[in-house]
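What follows is the content of input.tsv (TSV, C-alpha atoms).
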chain	number	residue	atom	x	y	z
A	196	MET	CA	151.76	219.50	63.03
A	197	THR	CA	151.13	217.62	66.24
A	198	SER	CA	150.23	214.01	65.69
A	199	LYS	CA	147.16	212.64	67.40
A	200	LYS	CA	148.93	209.38	68.12
A	201	GLN	CA	150.90	208.38	71.17
A	202	THR	CA	154.60	208.22	70.40
A	203	LEU	CA	157.50	205.83	70.89
A	204	VAL	CA	161.14	206.39	69.95
A	205	THR	CA	163.44	203.58	68.81
A	206	LEU	CA	167.18	204.20	68.95
A	207	ASP	CA	170.23	202.39	67.72
A	208	MET	CA	172.76	201.81	70.50
A	209	GLU	CA	176.37	201.67	69.28
A	210	GLY	CA	177.59	204.91	67.76
A	211	VAL	CA	174.50	206.71	69.07
A	212	LEU	CA	174.36	206.15	72.85
A	213	THR	CA	177.49	204.08	73.41
A	214	PRO	CA	180.89	203.50	71.81
A	215	GLU	CA	181.41	200.44	69.59
A	216	ALA	CA	181.84	197.50	71.95
A	217	TRP	CA	183.91	195.27	69.65
A	218	ILE	CA	186.37	198.07	68.96
A	219	ALA	CA	186.77	198.56	72.70
A	220	VAL	CA	187.49	194.86	73.21
A	221	ALA	CA	190.00	194.99	70.34
A	222	GLU	CA	191.78	197.90	72.01
A	223	ALA	CA	191.72	196.45	75.53
A	224	THR	CA	192.93	193.01	74.46
A	225	GLY	CA	195.29	194.11	71.71
A	226	ILE	CA	193.55	191.73	69.26
A	227	GLU	CA	193.60	194.02	66.25
A	228	ALA	CA	191.57	191.60	64.12
A	229	LEU	CA	188.55	192.24	66.34
A	230	ARG	CA	188.33	195.65	64.69
A	231	ARG	CA	186.91	193.97	61.60
A	232	THR	CA	183.34	195.22	61.02
A	233	THR	CA	180.50	194.64	58.58
A	234	ARG	CA	182.22	197.19	56.35
A	235	ASP	CA	185.12	194.72	55.91
A	236	GLU	CA	183.02	191.56	56.00
A	237	PRO	CA	179.44	192.18	54.86
A	238	ASP	CA	178.28	188.66	55.78
A	239	TYR	CA	177.34	189.08	59.45
A	240	ASP	CA	177.47	185.37	60.22
A	241	VAL	CA	180.97	185.04	58.75
A	242	LEU	CA	182.06	188.09	60.75
A	243	MET	CA	180.60	186.75	64.00
A	244	ARG	CA	182.17	183.28	63.56
A	245	TYR	CA	185.48	185.04	62.95
A	246	ARG	CA	185.07	187.11	66.12
A	247	LEU	CA	184.09	184.10	68.25
A	248	ASP	CA	187.10	182.15	66.96
A	249	LEU	CA	189.36	185.04	67.91
A	250	LEU	CA	187.88	185.21	71.42
A	251	LYS	CA	188.40	181.48	71.85
A	252	GLU	CA	191.96	181.44	70.50
A	253	ASN	CA	192.91	184.29	72.80
A	254	GLY	CA	191.00	183.03	75.83
A	255	VAL	CA	188.91	186.20	76.12
A	256	THR	CA	186.11	185.49	78.60
A	257	LEU	CA	182.67	187.10	78.71
A	258	SER	CA	183.62	188.60	82.10
A	259	LYS	CA	186.62	190.26	80.47
A	260	MET	CA	184.44	191.63	77.66
A	261	GLN	CA	181.92	192.97	80.19
A	262	GLU	CA	184.72	194.51	82.23
A	263	VAL	CA	185.96	196.35	79.14
A	264	VAL	CA	182.48	197.57	78.24
A	265	GLY	CA	181.75	198.57	81.84
A	266	ALA	CA	184.93	200.61	82.11
A	267	LEU	CA	184.20	202.28	78.80
A	268	GLY	CA	181.20	204.33	79.74
A	269	VAL	CA	178.42	205.54	77.50
A	270	LYS	CA	178.69	208.53	75.19
A	271	ASP	CA	178.83	211.99	76.71
A	272	GLY	CA	175.32	213.25	77.29
A	273	ALA	CA	173.66	209.90	76.46
A	274	LEU	CA	172.10	209.44	79.89
A	275	GLU	CA	170.86	213.03	80.01
A	276	PHE	CA	169.45	212.65	76.49
A	277	LEU	CA	167.60	209.46	77.46
A	278	ASP	CA	166.34	210.94	80.72
A	279	GLU	CA	164.85	213.93	78.94
A	280	LEU	CA	163.38	211.71	76.22
A	281	ARG	CA	161.81	209.35	78.78
A	282	GLU	CA	160.04	212.33	80.34
A	283	LEU	CA	158.41	213.00	76.97
A	284	THR	CA	157.70	209.64	75.39
A	285	GLN	CA	158.42	205.90	75.42
A	286	VAL	CA	161.86	204.64	74.35
A	287	ALA	CA	163.24	201.31	73.11
A	288	ILE	CA	166.84	200.61	72.11
A	289	LEU	CA	167.05	198.38	69.02
A	290	SER	CA	170.49	196.90	68.47
A	291	ASP	CA	172.37	194.09	66.78
A	292	THR	CA	174.41	193.71	69.94
A	293	PHE	CA	174.04	190.88	72.48
A	294	GLU	CA	172.27	191.09	75.84
A	295	GLN	CA	175.30	190.07	77.89
A	296	PHE	CA	177.65	192.38	75.99
A	297	ALA	CA	175.39	195.41	76.39
A	298	ALA	CA	174.44	194.83	80.04
A	299	PRO	CA	177.08	197.20	81.51
A	300	PHE	CA	175.92	199.96	79.15
A	301	MET	CA	172.26	199.42	80.09
A	302	ARG	CA	173.08	199.68	83.79
A	303	GLN	CA	174.67	203.08	83.14
A	304	LEU	CA	171.66	204.21	81.10
A	305	LYS	CA	169.14	203.22	83.84
A	306	TYR	CA	167.81	200.20	81.98
A	307	PRO	CA	165.97	201.39	78.91
A	308	MET	CA	164.24	198.51	77.10
A	309	LEU	CA	166.84	196.85	74.86
A	310	LEU	CA	165.73	194.51	72.08
A	311	CYS	CA	168.78	192.72	70.66
A	312	HIS	CA	170.33	189.24	70.36
A	313	ARG	CA	172.03	186.89	72.82
A	314	PHE	CA	175.32	185.05	73.20
A	315	ALA	CA	175.36	181.36	74.01
A	316	VAL	CA	177.80	181.12	76.91
A	317	GLU	CA	179.55	178.14	78.49
A	318	ASP	CA	182.02	178.44	81.37
A	319	ASP	CA	182.29	182.20	80.86
A	320	MET	CA	183.24	181.76	77.18
A	321	VAL	CA	181.05	182.91	74.29
A	322	VAL	CA	180.59	179.69	72.30
A	323	ASP	CA	177.85	180.73	69.90
A	324	TYR	CA	175.29	183.43	69.25
A	325	GLU	CA	171.58	183.47	68.55
A	326	ILE	CA	169.89	185.89	66.18
A	327	ARG	CA	166.46	186.43	67.75
A	328	VAL	CA	164.70	187.21	64.49
A	329	PRO	CA	165.77	188.37	61.01
A	330	ASP	CA	165.60	192.12	60.32
A	331	PRO	CA	164.87	192.72	64.03
A	332	LYS	CA	164.92	196.52	64.03
A	333	ARG	CA	162.39	196.85	61.23
A	334	LYS	CA	160.18	194.17	62.78
A	335	ALA	CA	160.24	195.85	66.20
A	336	VAL	CA	159.17	199.17	64.65
A	337	ALA	CA	156.36	197.38	62.80
A	338	ALA	CA	155.26	195.70	66.05
A	339	PHE	CA	155.04	199.04	67.89
A	340	ARG	CA	153.18	200.57	64.96
A	341	SER	CA	150.70	197.68	65.13
A	342	LEU	CA	149.96	198.87	68.68
A	343	ASN	CA	148.97	202.25	67.21
A	344	TYR	CA	152.09	204.18	68.15
A	345	GLN	CA	153.65	206.87	65.99
A	346	VAL	CA	157.19	205.48	65.88
A	347	ILE	CA	160.19	207.80	65.57
A	348	ALA	CA	163.46	206.01	64.79
A	349	ALA	CA	167.07	207.21	64.87
A	350	GLY	CA	170.31	205.50	63.94
A	351	ASP	CA	173.72	206.03	62.39
A	352	SER	CA	174.30	203.41	59.73
A	353	TYR	CA	173.00	201.18	56.95
A	354	ASN	CA	171.67	198.54	59.32
A	355	ASP	CA	169.35	201.20	60.76
A	356	THR	CA	167.82	202.31	57.50
A	357	SER	CA	165.18	199.58	57.33
A	358	MET	CA	163.82	200.70	60.71
A	359	LEU	CA	163.97	204.35	59.63
A	360	ILE	CA	161.96	203.48	56.51
A	361	GLU	CA	159.43	201.45	58.55
A	362	ALA	CA	159.01	204.23	61.13
A	363	ASP	CA	156.65	207.21	60.88
A	364	ASP	CA	159.64	209.54	61.28
A	365	GLY	CA	163.29	208.66	60.76
A	366	PHE	CA	166.44	210.58	61.68
A	367	LEU	CA	170.13	209.94	61.17
A	368	ILE	CA	172.56	210.76	63.95
A	369	HIS	CA	176.38	210.88	63.60
A	370	ALA	CA	175.98	209.16	60.25
A	371	PRO	CA	178.86	208.82	57.77
A	372	ASP	CA	178.55	211.02	54.67
A	373	LYS	CA	177.87	208.03	52.46
A	374	VAL	CA	174.81	207.01	54.52
A	375	LYS	CA	173.55	210.60	54.46
A	376	ALA	CA	174.03	210.78	50.69
A	377	ASP	CA	172.25	207.46	50.10
A	378	PHE	CA	169.30	208.37	52.35
A	379	PRO	CA	168.68	212.09	51.82
A	380	GLN	CA	165.05	211.67	52.94
A	381	PHE	CA	166.16	211.40	56.59
A	382	GLU	CA	167.15	214.56	58.41
A	383	ALA	CA	170.62	214.16	59.89
A	384	ALA	CA	171.60	215.32	63.36
A	385	GLU	CA	175.25	215.73	64.41
A	386	SER	CA	174.65	215.61	68.16
A	387	LEU	CA	172.22	214.08	70.64
A	388	GLU	CA	171.07	217.58	71.48
A	389	GLU	CA	170.20	218.24	67.85
A	390	LEU	CA	168.48	214.84	67.62
A	391	LEU	CA	166.39	215.66	70.68
A	392	GLY	CA	165.25	218.84	68.94
A	393	LEU	CA	164.28	216.92	65.81
A	394	ILE	CA	162.35	214.36	67.87
A	395	LYS	CA	160.54	217.07	69.84
A	396	GLY	CA	159.50	218.57	66.52
A	397	VAL	CA	157.46	215.48	65.61
A	398	LEU	CA	156.06	214.53	69.05
B	3	MET	CA	163.43	173.75	82.00
B	4	THR	CA	165.35	176.71	80.67
B	5	SER	CA	163.83	178.17	77.56
B	6	LYS	CA	166.07	178.81	74.59
B	7	LYS	CA	164.28	182.06	73.88
B	8	GLN	CA	165.15	185.54	75.04
B	9	THR	CA	162.66	186.76	77.62
B	10	LEU	CA	160.54	189.82	78.27
B	11	VAL	CA	158.27	190.47	81.26
B	12	THR	CA	155.02	192.46	81.01
B	13	LEU	CA	153.55	193.82	84.22
B	14	ASP	CA	150.31	195.46	85.18
B	15	MET	CA	150.88	198.77	87.00
B	16	GLU	CA	148.10	199.62	89.48
B	17	GLY	CA	147.78	197.16	92.33
B	18	VAL	CA	151.10	195.58	91.35
B	19	LEU	CA	153.74	198.33	91.31
B	20	THR	CA	151.69	201.34	92.35
B	21	PRO	CA	148.55	202.14	94.34
B	22	GLU	CA	145.28	202.82	92.48
B	23	ALA	CA	145.54	206.36	91.13
B	24	TRP	CA	141.81	207.14	90.95
B	25	ILE	CA	141.30	206.04	94.55
B	26	ALA	CA	144.12	208.36	95.59
B	27	VAL	CA	142.51	211.29	93.76
B	28	ALA	CA	139.17	210.43	95.40
B	29	GLU	CA	140.82	210.53	98.82
B	30	ALA	CA	142.83	213.69	98.21
B	31	THR	CA	139.92	215.65	96.75
B	32	GLY	CA	137.16	214.21	98.91
B	33	ILE	CA	135.16	213.31	95.79
B	34	GLU	CA	133.89	209.95	96.99
B	35	ALA	CA	132.24	209.13	93.65
B	36	LEU	CA	135.70	208.86	92.06
B	37	ARG	CA	136.09	205.59	93.95
B	38	ARG	CA	133.75	203.96	91.44
B	39	THR	CA	135.65	201.27	89.51
B	40	THR	CA	134.99	198.76	86.75
B	41	ARG	CA	133.62	196.49	89.45
B	42	ASP	CA	130.76	198.97	89.96
B	43	GLU	CA	130.46	200.06	86.34
B	44	PRO	CA	131.69	197.36	83.94
B	45	ASP	CA	131.36	199.61	80.87
B	46	TYR	CA	134.75	201.36	80.85
B	47	ASP	CA	133.61	204.19	78.62
B	48	VAL	CA	130.62	204.96	80.84
B	49	LEU	CA	132.94	204.89	83.87
B	50	MET	CA	135.50	207.20	82.26
B	51	ARG	CA	132.84	209.74	81.12
B	52	TYR	CA	131.51	209.72	84.67
B	53	ARG	CA	134.99	210.34	86.07
B	54	LEU	CA	135.76	213.14	83.62
B	55	ASP	CA	132.43	214.82	84.43
B	56	LEU	CA	133.29	214.68	88.12
B	57	LEU	CA	136.73	216.20	87.51
B	58	LYS	CA	135.16	219.01	85.51
B	59	GLU	CA	132.34	219.73	88.00
B	60	ASN	CA	134.85	219.89	90.83
B	61	GLY	CA	137.51	221.81	88.91
B	62	VAL	CA	140.16	219.14	89.46
B	63	THR	CA	143.09	219.98	87.19
B	64	LEU	CA	145.59	217.54	85.69
B	65	SER	CA	148.32	219.25	87.75
B	66	LYS	CA	146.36	218.49	90.91
B	67	MET	CA	145.94	214.85	89.87
B	68	GLN	CA	149.67	214.56	89.14
B	69	GLU	CA	150.49	216.19	92.46
B	70	VAL	CA	148.35	213.58	94.25
B	71	VAL	CA	149.96	210.71	92.36
B	72	GLY	CA	153.45	212.14	92.86
B	73	ALA	CA	152.96	212.45	96.61
B	74	LEU	CA	151.59	208.93	96.80
B	75	GLY	CA	154.69	206.97	96.02
B	76	VAL	CA	154.92	203.55	94.46
B	77	LYS	CA	154.39	200.31	96.36
B	78	ASP	CA	156.99	199.24	98.91
B	79	GLY	CA	159.71	197.30	97.16
B	80	ALA	CA	158.44	198.08	93.66
B	81	LEU	CA	161.59	199.92	92.56
B	82	GLU	CA	163.88	197.24	94.00
B	83	PHE	CA	161.76	194.55	92.30
B	84	LEU	CA	162.01	196.34	88.95
B	85	ASP	CA	165.73	197.01	89.34
B	86	GLU	CA	166.46	193.35	89.99
B	87	LEU	CA	164.18	192.29	87.13
B	88	ARG	CA	165.83	194.73	84.69
B	89	GLU	CA	169.20	193.13	85.51
B	90	LEU	CA	167.79	189.80	84.34
B	91	THR	CA	165.47	190.52	81.42
B	92	GLN	CA	163.47	193.14	79.53
B	93	VAL	CA	160.43	194.74	81.14
B	94	ALA	CA	157.34	196.58	79.86
B	95	ILE	CA	154.49	197.94	81.98
B	96	LEU	CA	151.10	197.39	80.33
B	97	SER	CA	148.33	199.45	81.87
B	98	ASP	CA	144.88	200.90	81.25
B	99	THR	CA	146.07	204.10	82.87
B	100	PHE	CA	146.92	207.33	81.02
B	101	GLU	CA	150.39	208.64	80.22
B	102	GLN	CA	149.96	211.94	82.02
B	103	PHE	CA	148.40	210.30	85.09
B	104	ALA	CA	151.16	207.70	85.44
B	105	ALA	CA	154.10	210.04	84.75
B	106	PRO	CA	154.93	210.69	88.43
B	107	PHE	CA	154.96	206.95	89.12
B	108	MET	CA	157.23	206.29	86.14
B	109	ARG	CA	159.71	208.90	87.33
B	110	GLN	CA	159.94	207.07	90.68
B	111	LEU	CA	160.41	203.73	88.93
B	112	LYS	CA	163.29	205.03	86.73
B	113	TYR	CA	161.23	205.07	83.55
B	114	PRO	CA	160.37	201.53	82.60
B	115	MET	CA	158.60	201.36	79.23
B	116	LEU	CA	154.90	202.06	79.81
B	117	LEU	CA	152.35	201.19	77.15
B	118	CYS	CA	148.98	202.69	78.10
B	119	HIS	CA	146.46	205.32	76.95
B	120	ARG	CA	146.41	209.12	76.95
B	121	PHE	CA	144.24	211.96	78.24
B	122	ALA	CA	143.20	214.77	75.95
B	123	VAL	CA	144.05	217.89	77.94
B	124	GLU	CA	143.05	221.53	77.48
B	125	ASP	CA	144.11	224.31	79.83
B	126	ASP	CA	145.25	221.78	82.43
B	127	MET	CA	141.83	220.06	82.45
B	128	VAL	CA	141.27	216.50	81.24
B	129	VAL	CA	138.58	216.98	78.58
B	130	ASP	CA	138.62	213.57	76.94
B	131	TYR	CA	140.59	210.34	76.71
B	132	GLU	CA	141.93	208.22	73.89
B	133	ILE	CA	142.08	204.44	73.95
B	134	ARG	CA	145.19	203.63	71.92
B	135	VAL	CA	143.97	200.26	70.75
B	136	PRO	CA	141.34	197.73	71.91
B	137	ASP	CA	142.57	194.90	74.18
B	138	PRO	CA	145.97	196.63	74.43
B	139	LYS	CA	147.61	194.32	76.95
B	140	ARG	CA	146.92	191.18	74.97
B	141	LYS	CA	147.99	192.87	71.73
B	142	ALA	CA	151.27	194.08	73.25
B	143	VAL	CA	152.11	190.57	74.46
B	144	ALA	CA	151.33	189.22	70.98
B	145	ALA	CA	153.57	191.90	69.42
B	146	PHE	CA	156.52	190.96	71.66
B	147	ARG	CA	155.93	187.28	70.95
B	148	SER	CA	156.01	188.07	67.22
B	149	LEU	CA	159.57	189.34	67.83
B	150	ASN	CA	160.44	185.85	69.14
B	151	TYR	CA	160.44	186.66	72.84
B	152	GLN	CA	159.24	184.29	75.52
B	153	VAL	CA	156.78	186.63	77.26
B	154	ILE	CA	156.09	186.32	80.99
B	155	ALA	CA	153.06	188.35	82.16
B	156	ALA	CA	151.87	189.25	85.65
B	157	GLY	CA	148.81	191.13	86.85
B	158	ASP	CA	146.18	191.27	89.58
B	159	SER	CA	142.75	191.41	87.99
B	160	TYR	CA	140.33	190.39	85.25
B	161	ASN	CA	141.61	192.97	82.80
B	162	ASP	CA	145.02	191.26	82.96
B	163	THR	CA	143.82	187.76	82.18
B	164	SER	CA	143.80	188.17	78.39
B	165	MET	CA	147.51	189.10	78.51
B	166	LEU	CA	148.24	186.20	80.87
B	167	ILE	CA	146.53	183.82	78.45
B	168	GLU	CA	148.41	185.28	75.47
B	169	ALA	CA	151.78	185.07	77.26
B	170	ASP	CA	154.08	182.04	77.43
B	171	ASP	CA	153.91	182.19	81.23
B	172	GLY	CA	151.31	184.01	83.33
B	173	PHE	CA	151.27	184.80	87.04
B	174	LEU	CA	148.78	186.49	89.32
B	175	ILE	CA	150.01	188.89	91.99
B	176	HIS	CA	147.92	190.27	94.88
B	177	ALA	CA	144.82	188.95	93.08
B	178	PRO	CA	141.39	188.81	94.75
B	179	ASP	CA	140.20	185.29	95.61
B	180	LYS	CA	137.56	185.40	92.88
B	181	VAL	CA	140.18	186.01	90.18
B	182	LYS	CA	142.35	183.21	91.55
B	183	ALA	CA	139.36	180.84	91.61
B	184	ASP	CA	138.34	181.73	88.04
B	185	PHE	CA	141.89	181.33	86.68
B	186	PRO	CA	143.45	178.44	88.59
B	187	GLN	CA	145.89	177.82	85.74
B	188	PHE	CA	147.96	180.86	86.80
B	189	GLU	CA	150.22	180.54	89.82
B	190	ALA	CA	149.44	183.29	92.31
B	191	ALA	CA	152.06	185.29	94.20
B	192	GLU	CA	151.20	187.31	97.29
B	193	SER	CA	154.25	189.57	97.20
B	194	LEU	CA	156.65	191.07	94.65
B	195	GLU	CA	159.41	188.96	96.19
B	196	GLU	CA	157.39	185.81	95.55
B	197	LEU	CA	156.58	186.99	92.02
B	198	LEU	CA	160.28	187.56	91.33
B	199	GLY	CA	160.93	183.96	92.37
B	200	LEU	CA	158.23	182.66	90.03
B	201	ILE	CA	159.62	184.75	87.15
B	202	LYS	CA	163.18	183.57	87.80
B	203	GLY	CA	161.87	180.02	87.61
B	204	VAL	CA	160.85	180.43	83.98
B	205	LEU	CA	163.69	182.63	82.68

Written as structure tokens, that's how I'd like the structure from this file.
Amino acid sequence: MTSKKQTLVTLDMEGVLTPEAWIAVAEATGIEALRRTTRDEPDYDVLMRYRLDLLKENGVTLSKMQEVVGALGVKDGALEFLDELRELTQVAILSDTFEQFAAPFMRQLKYPMLLCHRFAVEDDMVVDYEIRVPDPKRKAVAAFRSLNYQVIAAGDSYNDTSMLIEADDGFLIHAPDKVKADFPQFEAAESLEELLGLIKGVL
Amino acid sequence: MTSKKQTLVTLDMEGVLTPEAWIAVAEATGIEALRRTTRDEPDYDVLMRYRLDLLKENGVTLSKMQEVVGALGVKDGALEFLDELRELTQVAILSDTFEQFAAPFMRQLKYPMLLCHRFAVEDDMVVDYEIRVPDPKRKAVAAFRSLNYQVIAAGDSYNDTSMLIEADDGFLIHAPDKVKADFPQFEAAESLEELLGLIKGVL
């Protein structure tokens, strides 16, 4: 059934369009403890304070982090996926990343709109971080729906499920089995190509 | 004063980044009556019905309209302006145009987010149009502000002033003298370069 509404797609960034930035910094700097994720430390603020302390102790500058991310490249096919999607509908990336951290990825993806958070930076060192708004992905989907868009959301993990629930249509992409099992109501794609097909089906 | 908030810029399209699409179709088809604007007919619905009747009477297809717009090109410096802006902040184009009409412009501008309306199309003819939401520019600015963004808006005419008022910072660009006189509270730029300077001043 074709919807009568205009459409807008919201996408998670890391794991969907790009690799995980913190993991890349861990690998490039050899600071293994930067591999810690919300799976190990569910309290995001505790995790972020831990990460910022590690950056400081090891003298890892923002420039260094951006250099690592820039050298990393986006996922295979991510730019082509976005280009085809942008021919068909509007797109916003919703992420818990930070503007300065994601900038090299956005350049490679031809600047899709990215709604995320921001580092506080002094002398090229990340000294703090600012969460723009609580539950930002869900709230962004609600904001676009308030503008009378049919919103189609896709993401890979638990922190995406509130936006998938808020959206008119939600899809999982590259999701771990546990996420798929816990949210069987969302069709799961295993590639960007498959996701594009699912999205086209509801445009 | 540097704001603590993350920023997002909303821009009008026609007259700011692109030429006026209806005027271009009038010129390319020789249908002089398509030059009629909201200055001649303030009731937008009456104007749009008039335009659609003219398209039908003259057999002007959507493909033809898109061909005209595609051949037209965007304004000088518009892509460079957007590219520099997208390095600095997030950008959304807010327009009273229609998705299918603006598509060739968006392709040339590397797909910024465009929130606008949509034509109803049958057999390559525009048969109707759908207004997504009333007062869409103001509502979009309010939606982004609800996500805790400092919103900076720029446009050239009366239909932009409600979004300029709703925004944290509003600028006029290429505005007629009458608009500038009626809204002296908004600084007025005469070029995209000047507008970029004004925007940088409030980021």

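Set the cut-off at 8 Å, count all atoms listed in the file, and the residues of chain B near chain A turn out to be B:Lys7, B:Gln8, B:Arg88, B:Glu89, B:Gln92, B:Val93, B:Ala94, B:Ala105, B:Arg109, B:Lys112, B:Tyr113, B:Pro114, B:Met115, B:Leu116, B:Leu117, B:His119, B:Arg120, B:Arg134, B:Val135, B:Pro138, B:Lys141, B:Ala142, B:Ala145, B:Phe146, B:Ser148, B:Leu149, B:Asn150, B:Tyr151.
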
Please compute the CA of Ala156 in chain B-CA of Gly199 in chain B distance, one decimal, in Å.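 CA of Gly199 in chain B lies at a distance of 12.5 Å from CA of Ala156 in chain B.
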
**Prompt:** Any idea what's packed within 9 Å of Leu81 in chain B, counting only C-alpha atoms, ignoring anything in its chain fewer than 3 positions away? Could you give it as a VMD selection string?
**Reply:** chain B and resid 19 76 to 78 84 to 86 110 to 112

Pairwise distance, CA of Gln187 in chain B with CA of Glu82 in chain B, equals 27.7 Å

As a check of understanding: the span from CA of Asp55 in chain B to CA of Tyr131 in chain B is 12.1 Å

inquiry  = Excluding Asn253 in chain A and its own-chain neighbours fewer than 6 positions away, which residues fall within 12 Å of it when counting only C-alpha atoms? Please give them as number ranges by chain.
reply    = A: 220-221, 224-229, 246-247, 259, 320

Kindly save the residues from that selection, with C-alpha atoms included, as a compact mmCIF listing (two decimals), in the frame of the given file.
# COMPACT_ATOMS: atom_id res chain seq x y z
CA VAL A 220 187.49 194.86 73.21
CA ALA A 221 190.00 194.99 70.34
CA THR A 224 192.93 193.01 74.46
CA GLY A 225 195.29 194.11 71.71
CA ILE A 226 193.55 191.73 69.26
CA GLU A 227 193.60 194.02 66.25
CA ALA A 228 191.57 191.60 64.12
CA LEU A 229 188.55 192.24 66.34
CA ARG A 246 185.07 187.11 66.12
CA LEU A 247 184.09 184.10 68.25
CA LYS A 259 186.62 190.26 80.47
CA MET A 320 183.24 181.76 77.18

Edge lengths and centre, in Å to one decimal, as JSON: that's what I need for the box along x, y and z that holds all listed atoms of range 329-333 of chain A plus 4 Å on each side.
{"center_x": 164.1, "center_y": 192.6, "center_z": 62.2, "size_x": 11.4, "size_y": 16.5, "size_z": 11.7}

| request: Please determine the residues with any atom at most 6 Å from (162.7, 200.7, 62.9) (coordinates as given in the file, with all atoms listed in the file counting) and report them as a PyMOL selection string. | output: chain A and resi 332-333+336+348+358-359+361-362

Select, counting all atoms listed in the file, all protein, DNA and RNA residues no farther than 10 Å from (170.8, 204.3, 61.2) in file coordinates, and express the selection as an NGL selection string.
:A and (206-208 or 210-211 or 348-359 or 365-371 or 374-375 or 378 or 381 or 383)
